[in-house]
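Below you'll find the structure, written out as structure tokens, and then a few comments.
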Amino acid sequence: MATNDILPILSEKSYAISKKRFYVFSVPRSINKISIAKQIEEQFDVKVASVNVTTIKGKTKKVISITGKRYLNSEGSRSTIKKAYVYLKEGFSLPIFDALEEENEKETKTQEKFDEIAKKEESKSTKKPRRLLSKNKKEEKK
């Protein structure tokens, strides 16, 4: 991550709270709330009401390295990340999840079209045996 990269976090939880004008961003650890708000206002052309920041410490993990015949137990850790929960003012929203919603709407429309086609095909297949039966009866009468 570069020095001032503010990237949105796209997850189920962040999608759920985005409907309440809360958005979650991954931010550098050296940045503060005021500069986060300024950068988001500049980057997305919105007004920020408040910013909450949390730092999540990376998990410690044991690392076993084998060097020749010796085993070396050492402790490593994953990187620490900092999240910013940004609340926008009334009337503002970010277009982060708009593409996802549009994609879901397209999928539902195409699924509805396929369902309609399947129903038509099913009704055609049930009508065909009746027509054959009626033709056979006419032939038998002659």
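The way I read the labels, and the way they are meant: chains A, B, ... in the order of the structure tokens, residue 1 as the first residue of every chain, and ligand 1 as the first ligand shown, with later ones counted on from there.
Residues in contact with region 95-97 of chain A at up to 12 Å, not including ones fewer than 2 positions away on its chain and judged by only C-alpha atoms, are A:Leu7, A:Pro8, A:Ile9, A:Leu10, A:Ser11, A:Glu12, A:Ser14, A:Tyr15, A:Ala16, A:Ile17, A:Ser18, A:Lys19, A:Arg21, A:Phe22, A:Tyr23, A:Val24, A:Phe25, A:Gln43, A:Phe44, A:Asp45, A:Val46, A:Phe92, A:Ser93, A:Ala99, A:Leu100, A:Glu101, A:Glu102, A:Glu103, A:Asn104.
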(message) Nearest residue to Lys38 (chain A) out of A:Lys109, A:Lys82, A:Ile6, A:Lys119, using only C-alpha atoms?
(response) A:Ile6
Region 34-127 of chain A: residues DSSP assigns to strand (DSSP E or B), reported as a PDB file with C-alpha atoms, in the first residue's frame:
ATOM      1  CA  VAL A  48     -18.150  13.334   5.537  1.00  0.00           C
ATOM      2  CA  ALA A  49     -20.072  13.565   8.806  1.00  0.00           C
ATOM      3  CA  SER A  50     -17.766  11.482  11.002  1.00  0.00           C
ATOM      4  CA  VAL A  51     -14.857   9.044  10.900  1.00  0.00           C
ATOM      5  CA  ASN A  52     -14.179   6.193  13.320  1.00  0.00           C
ATOM      6  CA  VAL A  53     -10.818   4.439  13.171  1.00  0.00           C
ATOM      7  CA  THR A  54      -9.756   1.055  14.484  1.00  0.00           C
ATOM      8  CA  THR A  55      -6.383  -0.665  14.366  1.00  0.00           C
ATOM      9  CA  ILE A  56      -6.438  -4.442  14.098  1.00  0.00           C
ATOM     10  CA  THR A  60       1.178 -13.938  15.808  1.00  0.00           C
ATOM     11  CA  LYS A  61       2.104 -17.168  14.097  1.00  0.00           C
ATOM     12  CA  LYS A  62       4.768 -19.735  14.852  1.00  0.00           C
ATOM     13  CA  VAL A  63       7.264 -20.272  12.102  1.00  0.00           C
ATOM     14  CA  ILE A  64       9.286 -23.471  12.031  1.00  0.00           C
ATOM     15  CA  SER A  65      12.259 -23.352   9.730  1.00  0.00           C
ATOM     16  CA  ILE A  66      14.495 -26.311   9.121  1.00  0.00           C
ATOM     17  CA  THR A  67      18.149 -25.537   8.569  1.00  0.00           C
ATOM     18  CA  ARG A  70      18.246 -28.037  13.434  1.00  0.00           C
ATOM     19  CA  TYR A  71      14.698 -26.870  14.016  1.00  0.00           C
ATOM     20  CA  LEU A  72      14.274 -23.189  14.713  1.00  0.00           C
ATOM     21  CA  ASN A  73      11.040 -22.085  16.337  1.00  0.00           C
ATOM     22  CA  SER A  74      10.432 -18.407  15.918  1.00  0.00           C
ATOM     23  CA  GLU A  75       7.386 -16.208  16.047  1.00  0.00           C
ATOM     24  CA  GLY A  76       6.233 -14.189  13.109  1.00  0.00           C
ATOM     25  CA  SER A  77       3.193 -12.014  12.716  1.00  0.00           C
ATOM     26  CA  ILE A  81      -4.151  -3.089   9.452  1.00  0.00           C
ATOM     27  CA  LYS A  82      -6.091   0.081  10.125  1.00  0.00           C
ATOM     28  CA  LYS A  83      -9.756   0.457   9.170  1.00  0.00           C
ATOM     29  CA  ALA A  84     -11.744   3.659   8.875  1.00  0.00           C
ATOM     30  CA  TYR A  85     -15.528   3.628   9.260  1.00  0.00           C
ATOM     31  CA  VAL A  86     -16.759   6.724   7.419  1.00  0.00           C
ATOM     32  CA  TYR A  87     -20.263   8.125   7.950  1.00  0.00           C
ATOM     33  CA  LEU A  88     -21.519  10.455   5.211  1.00  0.00           C
TER      34      LEU A  88
END
(message) Please identify the alpha helix (DSSP H) residues within region 7-102 of chain A (assignment by DSSP from backbone atoms) and present them as number ranges by chain.
(response) A: 12-18, 33-44, 98-102
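Straight-line separation from CA of Lys33 (chain A) to CA of Lys47 (chain A): 14.0 Å.
As for CA of Ser30 (chain A) and CA of Thr80 (chain A), they are spaced 11.8 Å apart.
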(message) As an exercise, work out the distance from CA of Gly58 (chain A) to CA of Ala37 (chain A) in Å and give it to one decimal place.
(response) 25.0 Å
